[in-house]
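Asks: I'm passing along final15.txt; it holds compact mmCIF, C-alpha atoms.
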# COMPACT_ATOMS: atom_id res chain seq x y z
CA MET A 1 -20.91 91.08 42.38
CA ALA A 2 -18.92 90.60 45.57
CA LYS A 3 -15.26 91.55 45.38
CA ILE A 4 -13.00 88.63 46.18
CA LYS A 5 -9.85 89.41 48.13
CA PRO A 6 -6.78 88.11 46.30
CA SER A 7 -4.28 85.82 48.01
CA LYS A 8 -0.91 87.26 48.90
CA GLY A 9 2.24 85.28 48.33
CA ALA A 10 5.99 85.85 48.39
CA PRO A 11 7.69 87.73 45.54
CA TYR A 12 9.77 84.65 44.69
CA ALA A 13 10.52 81.15 45.97
CA ARG A 14 13.70 79.24 46.77
CA ILE A 15 14.88 75.89 48.04
CA LEU A 16 15.73 76.51 51.69
CA GLY A 17 16.89 73.08 52.76
CA VAL A 18 17.51 69.56 51.45
CA GLY A 19 17.66 66.14 53.10
CA GLY A 20 18.07 62.55 52.02
CA TYR A 21 17.61 59.02 53.30
CA ARG A 22 19.37 55.97 51.88
CA PRO A 23 18.31 52.55 53.18
CA THR A 24 20.80 50.74 55.40
CA ARG A 25 21.26 47.71 53.14
CA ILE A 26 23.86 48.27 50.42
CA VAL A 27 23.48 45.84 47.51
CA PRO A 28 26.56 45.23 45.31
CA ASN A 29 26.35 43.94 41.73
CA GLU A 30 27.32 40.45 42.96
CA VAL A 31 23.86 40.09 44.52
CA ILE A 32 22.17 41.08 41.24
CA LEU A 33 24.25 38.46 39.41
CA GLU A 34 22.62 35.70 41.46
CA THR A 35 19.46 36.05 39.34
CA ILE A 36 20.68 37.28 35.92
CA ASP A 37 23.34 36.08 33.49
CA SER A 38 25.58 39.15 33.33
CA SER A 39 28.79 40.48 34.87
CA ASP A 40 29.94 43.25 37.18
CA GLU A 41 31.90 44.72 34.27
CA TRP A 42 28.84 44.70 31.98
CA ILE A 43 26.63 46.37 34.59
CA ARG A 44 29.24 49.03 35.33
CA SER A 45 29.96 49.78 31.67
CA ARG A 46 26.26 50.01 30.71
CA SER A 47 25.00 51.93 33.73
CA GLY A 48 27.86 53.09 35.94
CA ILE A 49 26.19 51.40 38.91
CA GLU A 50 28.44 49.72 41.48
CA THR A 51 26.04 49.47 44.42
CA ARG A 52 22.49 50.50 45.26
CA HIS A 53 20.42 50.61 48.47
CA TRP A 54 17.42 48.35 48.99
CA ALA A 55 14.91 49.10 51.72
CA SER A 56 14.04 46.68 54.53
CA PRO A 57 10.38 46.04 55.44
CA GLU A 58 10.72 48.71 58.14
CA GLU A 59 12.10 51.27 55.70
CA THR A 60 8.68 52.08 54.26
CA VAL A 61 7.89 54.89 51.84
CA ALA A 62 6.58 56.93 54.80
CA ALA A 63 9.50 56.08 57.11
CA MET A 64 12.15 57.01 54.53
CA SER A 65 10.27 60.21 53.68
CA ILE A 66 10.07 61.25 57.32
CA GLU A 67 13.83 60.73 57.78
CA ALA A 68 14.69 62.76 54.67
CA SER A 69 12.14 65.46 55.49
CA GLY A 70 13.40 65.87 59.06
CA LYS A 71 16.84 66.67 57.67
CA ALA A 72 15.44 69.06 55.05
CA ILE A 73 13.35 70.92 57.63
CA ALA A 74 16.35 71.24 59.98
CA ASP A 75 18.51 72.38 57.05
CA ALA A 76 15.91 75.04 56.19
CA GLY A 77 15.93 76.28 59.78
CA ILE A 78 12.16 76.19 60.16
CA ASP A 79 9.74 74.28 62.36
CA ALA A 80 7.52 71.54 60.89
CA SER A 81 4.46 73.48 62.10
CA GLN A 82 5.27 76.22 59.55
CA ILE A 83 4.86 73.86 56.59
CA GLY A 84 1.66 74.60 54.69
CA ALA A 85 1.77 71.79 52.14
CA VAL A 86 3.40 68.41 51.63
CA VAL A 87 3.83 67.10 48.07
CA VAL A 88 5.04 63.53 47.67
CA SER A 89 6.14 62.19 44.31
CA THR A 90 6.26 58.40 44.14
CA VAL A 91 5.26 55.47 41.95
CA SER A 92 6.06 52.80 44.52
CA HIS A 93 3.69 53.40 47.42
CA PHE A 94 1.49 50.33 47.28
CA SER A 95 -1.47 51.60 49.23
CA GLN A 96 -3.42 53.60 46.68
CA THR A 97 -5.46 55.59 49.14
CA PRO A 98 -5.13 57.66 51.25
CA ALA A 99 -2.13 59.54 49.88
CA VAL A 100 1.03 58.76 51.85
CA ALA A 101 1.63 62.53 52.08
CA THR A 102 -1.07 62.84 54.74
CA GLU A 103 0.63 60.34 57.07
CA ILE A 104 3.97 62.05 56.52
CA ALA A 105 2.49 65.51 57.21
CA ASP A 106 0.96 64.21 60.44
CA ARG A 107 4.01 62.32 61.71
CA LEU A 108 6.31 65.27 60.97
CA GLY A 109 4.18 67.48 63.20
CA THR A 110 2.80 69.89 60.62
CA ASP A 111 -0.31 71.85 61.56
CA ARG A 112 -2.77 70.02 59.30
CA ALA A 113 -0.75 70.89 56.17
CA ALA A 114 -2.35 70.26 52.79
CA ALA A 115 -0.94 66.94 51.62
CA PHE A 116 -1.14 64.94 48.42
CA ASP A 117 0.80 62.52 46.20
CA ILE A 118 1.70 63.02 42.57
CA SER A 119 2.71 60.51 39.89
CA ALA A 120 5.25 61.86 37.44
CA GLY A 121 7.86 59.11 37.41
CA CYS A 122 11.46 60.23 37.26
CA ALA A 123 10.36 63.81 36.55
CA GLY A 124 8.41 63.85 39.82
CA PHE A 125 10.82 66.03 41.75
CA GLY A 126 10.68 68.79 39.12
CA TYR A 127 6.89 68.55 38.97
CA GLY A 128 6.67 68.83 42.77
CA LEU A 129 9.13 71.70 42.86
CA THR A 130 7.10 73.58 40.26
CA LEU A 131 3.89 73.10 42.24
CA ALA A 132 5.67 74.21 45.43
CA LYS A 133 7.04 77.35 43.81
CA GLY A 134 3.55 78.19 42.59
CA MET A 135 2.05 77.75 46.06
CA VAL A 136 4.67 79.92 47.74
CA VAL A 137 4.38 82.72 45.19
CA GLU A 138 0.59 82.49 45.01
CA GLY A 139 0.31 82.43 48.78
CA SER A 140 -1.50 79.18 49.54
CA ALA A 141 1.47 77.99 51.60
CA GLU A 142 4.45 79.83 53.05
CA TYR A 143 6.62 76.72 53.17
CA VAL A 144 6.16 73.60 51.07
CA LEU A 145 7.82 70.24 51.62
CA VAL A 146 8.57 68.39 48.37
CA ILE A 147 9.49 64.72 48.72
CA GLY A 148 10.67 62.28 46.07
CA VAL A 149 10.57 58.74 47.45
CA GLU A 150 10.74 55.28 45.92
CA ARG A 151 11.01 51.62 46.85
CA LEU A 152 11.75 50.52 43.29
CA SER A 153 13.16 47.23 44.56
CA ASP A 154 9.49 46.28 44.96
CA LEU A 155 8.92 46.97 41.25
CA THR A 156 12.06 45.29 39.92
CA ASP A 157 12.05 42.04 37.96
CA LEU A 158 15.24 40.44 39.29
CA GLU A 159 15.27 38.05 36.34
CA ASP A 160 15.25 40.81 33.69
CA ARG A 161 18.88 41.35 32.75
CA ALA A 162 18.09 44.77 31.23
CA THR A 163 16.70 46.29 34.44
CA ALA A 164 17.50 44.03 37.44
CA PHE A 165 20.62 46.03 38.28
CA LEU A 166 19.16 49.46 37.63
CA PHE A 167 16.85 50.46 40.45
CA GLY A 168 17.36 51.51 44.04
CA ASP A 169 15.39 52.79 47.00
CA GLY A 170 15.56 56.04 48.94
CA ALA A 171 13.99 59.40 49.73
CA GLY A 172 15.01 62.98 49.05
CA ALA A 173 13.22 66.09 50.30
CA VAL A 174 13.45 69.84 49.98
CA VAL A 175 11.73 72.72 51.74
CA VAL A 176 10.62 75.49 49.37
CA GLY A 177 9.85 78.87 50.89
CA PRO A 178 9.77 82.62 50.29
CA SER A 179 12.64 84.52 48.69
CA LYS A 180 13.41 88.17 47.93
CA GLU A 181 15.32 87.16 44.79
CA PRO A 182 14.39 84.70 42.03
CA ALA A 183 16.00 81.36 43.01
CA ILE A 184 13.91 78.86 41.04
CA GLY A 185 13.78 79.58 37.32
CA PRO A 186 10.92 78.97 34.90
CA THR A 187 10.18 75.26 34.51
CA VAL A 188 10.35 73.73 31.06
CA TRP A 189 8.13 70.67 31.35
CA GLY A 190 5.83 68.47 29.36
CA SER A 191 4.66 65.01 28.43
CA GLU A 192 4.91 62.76 25.39
CA GLY A 193 2.18 60.20 25.93
CA ASP A 194 2.69 58.81 22.44
CA LYS A 195 5.88 57.25 23.86
CA SER A 196 4.17 55.66 26.88
CA GLU A 197 5.36 52.18 25.90
CA THR A 198 9.03 53.19 26.27
CA ILE A 199 9.07 52.95 30.09
CA LYS A 200 6.14 51.34 31.87
CA GLN A 201 4.79 48.89 34.38
CA THR A 202 4.66 45.45 32.74
CA VAL A 203 0.96 44.82 33.50
CA PRO A 204 -1.78 46.46 35.62
CA TRP A 205 -2.16 45.26 39.23
CA THR A 206 -5.52 43.76 38.33
CA ASP A 207 -3.92 41.36 35.83
CA TYR A 208 -1.84 39.95 38.67
CA ARG A 209 -4.87 39.75 40.95
CA ASP A 210 -6.88 37.96 38.29
CA GLY A 211 -4.09 35.48 37.68
CA THR A 212 -3.65 36.37 34.00
CA VAL A 213 0.08 36.80 34.75
CA GLU A 214 2.25 34.92 37.23
CA LYS A 215 4.83 37.60 37.84
CA PHE A 216 4.20 40.62 40.06
CA PRO A 217 4.26 43.81 37.93
CA ALA A 218 7.66 45.45 37.40
CA ILE A 219 9.09 48.43 35.58
CA THR A 220 10.32 47.67 32.10
CA GLN A 221 11.92 49.86 29.47
CA GLU A 222 13.22 49.93 25.90
CA GLY A 223 16.84 50.78 26.60
CA GLN A 224 17.90 52.20 23.24
CA ALA A 225 14.75 54.29 22.78
CA VAL A 226 15.07 55.69 26.30
CA PHE A 227 18.73 56.46 25.75
CA ARG A 228 18.09 58.34 22.52
CA TRP A 229 15.21 60.34 23.96
CA ALA A 230 17.00 61.10 27.23
CA VAL A 231 20.27 62.19 25.68
CA PHE A 232 19.21 64.05 22.60
CA GLU A 233 15.67 65.29 23.28
CA MET A 234 16.33 66.08 26.96
CA ALA A 235 19.51 67.99 26.10
CA LYS A 236 17.23 70.34 24.12
CA VAL A 237 14.90 70.69 27.12
CA ALA A 238 17.86 71.39 29.39
CA GLN A 239 19.03 74.11 27.02
CA GLN A 240 15.51 75.60 26.99
CA ALA A 241 15.57 75.74 30.80
CA LEU A 242 18.87 77.64 30.69
CA ASP A 243 17.44 80.02 28.09
CA ALA A 244 14.25 80.51 30.13
CA ALA A 245 16.34 81.38 33.20
CA GLY A 246 18.32 83.87 31.11
CA ILE A 247 21.68 82.19 31.66
CA THR A 248 24.15 80.13 29.65
CA ALA A 249 26.02 76.93 30.48
CA ASP A 250 29.01 79.10 31.42
CA ASP A 251 26.97 80.56 34.31
CA LEU A 252 26.27 77.12 35.77
CA ASP A 253 28.11 75.69 38.77
CA VAL A 254 26.32 72.36 39.03
CA PHE A 255 24.37 69.97 36.78
CA ILE A 256 22.00 67.55 38.54
CA PRO A 257 20.22 65.38 35.97
CA HIS A 258 17.93 62.54 37.01
CA GLN A 259 20.26 59.68 37.89
CA ALA A 260 19.00 57.27 35.24
CA ASN A 261 22.23 55.85 33.91
CA VAL A 262 25.78 57.23 33.93
CA ARG A 263 26.00 56.78 30.17
CA ILE A 264 22.97 59.03 29.72
CA ILE A 265 24.51 61.60 32.07
CA ASP A 266 27.88 61.53 30.25
CA SER A 267 26.27 61.85 26.82
CA MET A 268 24.01 64.69 27.99
CA VAL A 269 27.05 66.57 29.29
CA LYS A 270 28.72 66.08 25.89
CA THR A 271 25.62 67.07 23.90
CA LEU A 272 25.03 70.15 26.08
CA LYS A 273 28.72 71.06 25.76
CA LEU A 274 28.89 71.83 29.48
CA PRO A 275 32.10 73.63 30.44
CA GLU A 276 34.72 71.77 32.51
CA HIS A 277 34.04 73.80 35.64
CA VAL A 278 30.46 72.51 35.97
CA MET A 279 30.19 69.87 38.72
CA VAL A 280 28.10 66.97 37.41
CA ALA A 281 26.16 64.73 39.82
CA ARG A 282 26.96 61.03 39.33
CA ASP A 283 25.32 59.75 42.50
CA ILE A 284 23.96 56.82 40.49
CA ARG A 285 27.22 54.88 41.00
CA THR A 286 26.37 54.09 44.61
CA THR A 287 22.63 54.84 44.69
CA GLY A 288 21.23 53.32 41.50
CA ASN A 289 18.23 54.84 39.75
CA THR A 290 15.80 56.01 42.44
CA SER A 291 13.34 57.76 40.10
CA ALA A 292 11.67 60.73 41.83
CA ALA A 293 14.19 60.62 44.70
CA SER A 294 17.32 60.81 42.57
CA ILE A 295 17.67 64.58 42.13
CA PRO A 296 17.24 65.63 45.79
CA LEU A 297 19.44 62.70 46.89
CA ALA A 298 22.17 63.76 44.46
CA MET A 299 21.77 67.39 45.52
CA GLU A 300 22.12 66.47 49.18
CA ARG A 301 25.24 64.41 48.55
CA LEU A 302 26.98 67.10 46.47
CA LEU A 303 26.38 69.63 49.24
CA ALA A 304 27.42 67.18 51.99
CA THR A 305 30.71 66.32 50.28
CA GLY A 306 31.48 69.96 49.49
CA GLU A 307 31.48 69.28 45.74
CA ALA A 308 28.75 71.92 45.52
CA LYS A 309 28.03 74.76 47.89
CA SER A 310 25.10 76.83 49.06
CA GLY A 311 24.33 79.59 46.57
CA ASP A 312 25.62 77.66 43.58
CA THR A 313 23.54 77.80 40.40
CA ALA A 314 22.32 74.35 39.40
CA LEU A 315 20.45 72.99 36.39
CA VAL A 316 18.13 70.15 37.40
CA ILE A 317 16.31 67.95 34.88
CA GLY A 318 14.09 64.93 35.45
CA PHE A 319 12.74 62.65 32.72
CA GLY A 320 11.05 59.29 32.67
CA ALA A 321 7.94 57.18 32.35
CA GLY A 322 5.08 58.95 30.60
CA LEU A 323 7.17 60.04 28.95
CA VAL A 324 7.40 63.18 31.09
CA TYR A 325 10.09 65.73 31.80
CA ALA A 326 10.80 68.85 33.84
CA ALA A 327 13.88 71.08 33.88
CA THR A 328 14.68 74.25 35.78
CA VAL A 329 17.57 76.29 37.12
CA VAL A 330 17.79 76.66 40.90
CA THR A 331 20.00 78.28 43.49
CA LEU A 332 21.24 75.55 45.84
CA PRO A 333 20.24 75.85 49.51
CA MET B 1 23.40 65.37 -3.09
CA ALA B 2 23.19 61.79 -1.88
CA ALA B 3 26.39 60.31 -0.47
CA THR B 4 28.02 57.34 -2.23
CA GLN B 5 28.63 54.03 -0.48
CA GLU B 6 32.31 54.93 -0.17
CA GLU B 7 31.53 58.30 1.41
CA ILE B 8 29.10 56.68 3.85
CA VAL B 9 31.65 54.10 5.03
CA ALA B 10 34.24 56.85 5.46
CA GLY B 11 31.72 58.94 7.41
CA LEU B 12 30.71 56.02 9.63
CA ALA B 13 34.39 55.33 10.27
CA GLU B 14 34.89 58.88 11.52
CA ILE B 15 31.79 58.63 13.72
CA VAL B 16 32.78 55.26 15.20
CA ASN B 17 36.28 56.60 15.76
CA GLU B 18 34.94 59.58 17.68
CA ILE B 19 32.44 57.60 19.77
CA ALA B 20 34.29 54.33 20.43
CA GLY B 21 37.91 55.29 19.68
CA ILE B 22 38.27 52.59 16.99
CA PRO B 23 40.86 53.37 14.24
CA VAL B 24 39.07 54.51 11.06
CA GLU B 25 40.81 51.85 8.94
CA ASP B 26 39.18 49.09 11.07
CA VAL B 27 35.69 50.21 10.08
CA GLN B 28 34.95 47.97 7.07
CA LEU B 29 31.68 46.82 5.48
CA ASP B 30 31.84 43.32 6.97
CA LYS B 31 32.61 44.45 10.53
CA SER B 32 30.01 43.95 13.26
CA PHE B 33 29.46 47.01 15.43
CA THR B 34 29.18 45.04 18.67
CA ASP B 35 31.50 42.10 18.05
CA ASP B 36 34.33 43.77 16.09
CA LEU B 37 34.17 47.49 16.84
CA ASP B 38 33.37 47.65 20.57
CA VAL B 39 30.19 49.66 19.91
CA ASP B 40 27.65 48.52 22.54
CA SER B 41 23.89 49.05 22.30
CA LEU B 42 24.02 52.53 23.86
CA SER B 43 27.01 53.70 21.82
CA MET B 44 25.15 52.40 18.76
CA VAL B 45 22.42 54.96 19.49
CA GLU B 46 25.05 57.69 19.48
CA VAL B 47 26.45 56.38 16.18
CA VAL B 48 22.94 56.33 14.69
CA VAL B 49 22.12 59.88 15.79
CA ALA B 50 25.44 61.17 14.42
CA ALA B 51 24.80 59.30 11.14
CA GLU B 52 21.28 60.77 10.91
CA GLU B 53 22.71 64.28 11.11
CA ARG B 54 25.59 63.65 8.77
CA PHE B 55 23.64 61.87 6.03
CA ASP B 56 20.25 63.56 6.43
CA VAL B 57 18.43 60.29 7.10
CA LYS B 58 15.98 59.09 9.77
CA ILE B 59 16.77 55.78 11.46
CA PRO B 60 13.90 54.84 13.82
CA ASP B 61 14.62 52.83 17.00
CA ASP B 62 12.89 49.78 15.54
CA ASP B 63 15.33 49.71 12.63
CA VAL B 64 18.47 50.23 14.73
CA LYS B 65 18.49 46.63 15.95
CA ASN B 66 18.73 45.36 12.36
CA LEU B 67 21.93 47.27 11.71
CA LYS B 68 24.42 44.60 12.79
CA THR B 69 27.32 45.43 10.49
CA VAL B 70 28.81 48.53 8.91
CA GLY B 71 27.47 47.14 5.62
CA ASP B 72 23.92 46.97 7.04
CA ALA B 73 24.12 50.61 8.13
CA THR B 74 25.62 51.70 4.82
CA ASP B 75 22.89 49.95 2.80
CA TYR B 76 20.22 51.47 5.04
CA ILE B 77 21.59 54.98 4.57
CA VAL B 78 21.96 54.54 0.79
CA LYS B 79 18.30 53.49 0.57
CA HIS B 80 16.83 56.06 2.93
CA GLN B 81 18.86 59.26 2.56
CA ALA B 82 16.92 62.29 1.45
Please express the file's structure as structure tokens.
Replies:
Amino acid sequence: MAKIKPSKGAPYARILGVGGYRPTRIVPNEVILETIDSSDEWIRSRSGIETRHWASPEETVAAMSIEASGKAIADAGIDASQIGAVVVSTVSHFSQTPAVATEIADRLGTDRAAAFDISAGCAGFGYGLTLAKGMVVEGSAEYVLVIGVERLSDLTDLEDRATAFLFGDGAGAVVVGPSKEPAIGPTVWGSEGDKSETIKQTVPWTDYRDGTVEKFPAITQEGQAVFRWAVFEMAKVAQQALDAAGITADDLDVFIPHQANVRIIDSMVKTLKLPEHVMVARDIRTTGNTSAASIPLAMERLLATGEAKSGDTALVIGFGAGLVYAATVVTLP
Amino acid sequence: MAATQEEIVAGLAEIVNEIAGIPVEDVQLDKSFTDDLDVDSLSMVEVVVAAEERFDVKIPDDDVKNLKTVGDATDYIVKHQA
């Protein structure tokens, strides 16, 4: 039997750079109120959202990803040609094939990097990060670009008062590369397909094509069920991620949960009993819920404003449609 | 040992006080969580989870929407507590 030479990777992986792109158009709650019977006060008290960004026709999934990735690559201090793989997490790229990752890899100037899309809803960033870490440590890529990107405005029912105000558009990207020290902890992740009805697309695309429904598909959710699962079940997952990384909440500098709803974030902080000194991302106020993009966007903003700094220890947790989740502890770039 | 109706109301009052800041004496059987006690749909989930722990009872999401008043919740807990 021939002896197969093993691949050789880095001892550990880390996030080397982060970048974000927020569409130019800022949409205040007043615009949402044109199509639903609600109020600015109600939207703010139920979600914390004051404004969100909606993409123009030119701000495509690929265009936003390229903007965010350019910043992440510059922040990492590498050249695009060094990137060995591009992982794009999205549920709102409306051309099913080929994967948008291939166009992004090409337009960024990578040297024929491996490129593919994944679908893991609001946990997509954590899923992508976990894959990237594996590739860097296993040796199939030295540097991996992980992108979370959404145009959820395309999947929003503007007449649904429970979700019309919730979603936003944007892209967040990180470069993952080699590290001498552990800088991305073990991922605690999983799926609960028995709860698939909790957050979902209203109908398959083919129902719309066949005319069995009049409305274009949109994302819908059962608010109370999502809230209970996100706050109480995900707090357990967050704690497991801390335990897996061998640290406690006292060791944390930053908490970056998926920006689903400020009420979920506040209740998670309470349930997790996070100490006062931990900086909590609440980017949702001016960004809305951008699904897979929310964690890297929030990370970028905390670092840009100086609320978090390079080298800080952060707990990141994504959770959403599936239901799926992924939590890990990272050192900020 | 199962809690009495009186103990359940007192317990719910403490929970509502902690979550919504409503004085415990305002939490009466005929009071509506949303209309009288400023407990919105998301805070109601927090009330329900706290009640589940306190009274050793399971209150599934589908049943939460039927609990309009403190009396509804009290009756539910009396019937379903372990």
Asks: Would you work out the distance separating CA of Leu152 (chain A) from CA of Thr187 (chain A), expressed in Å to one decimal?
Replies: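 Distance reported for this atom pair: 26.3 Å.
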Asks: Pick out the chain A residues within 12 Å of chain B. Count only C-alpha atoms. Give them as a PyMOL selection string.
Replies: chain A and resi 42+45-47+162+195+198+222-233+261-264+266-268+270-271
Asks: I need the residue nearest Asp26 (chain B) from this list: B:Asp38, B:Val47, B:Lys79, B:Ala13. Use all atoms listed in the file for the distance.
Replies: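 Result for the nearest residue to Asp26 (chain B): B:Ala13.
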Asks: Taking (31.8, 54.0, 42.2) in the file's own coordinates, collect the residues within 6 Å, counting all atoms listed in the file, and hand them back as a count of residues only.
Replies: 3
Asks: Just how far from CA of Ile147 (chain A) is CA of Ala173 (chain A), in Å to one decimal?
Replies: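 Interatomic distance, CA of Ala173 (chain A) to CA of Ile147 (chain A): 4.3 Å.
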Asks: Rank nothing, just name the residue among A:Val61, A:Ile256, A:Ala218, A:Val88 nearest to Leu145 (chain A), using all atoms listed in the file.
Replies: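 Distance minimum relative to Leu145 (chain A) lands on A:Val88.
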Asks: Looking at all atoms listed in the file, which of B:Lys31, B:Asp56, B:Thr74, B:Val39 is the one that sits closest to Ala10 (chain B)?
Replies: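 Smallest distance to Ala10 (chain B) is found for B:Thr74.
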Asks: What is the distance between CA of Ala298 (chain A) and CA of Phe125 (chain A), in Å to one decimal?
Replies: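 Computed distance, CA of Ala298 (chain A) to CA of Phe125 (chain A), equals 11.9 Å.
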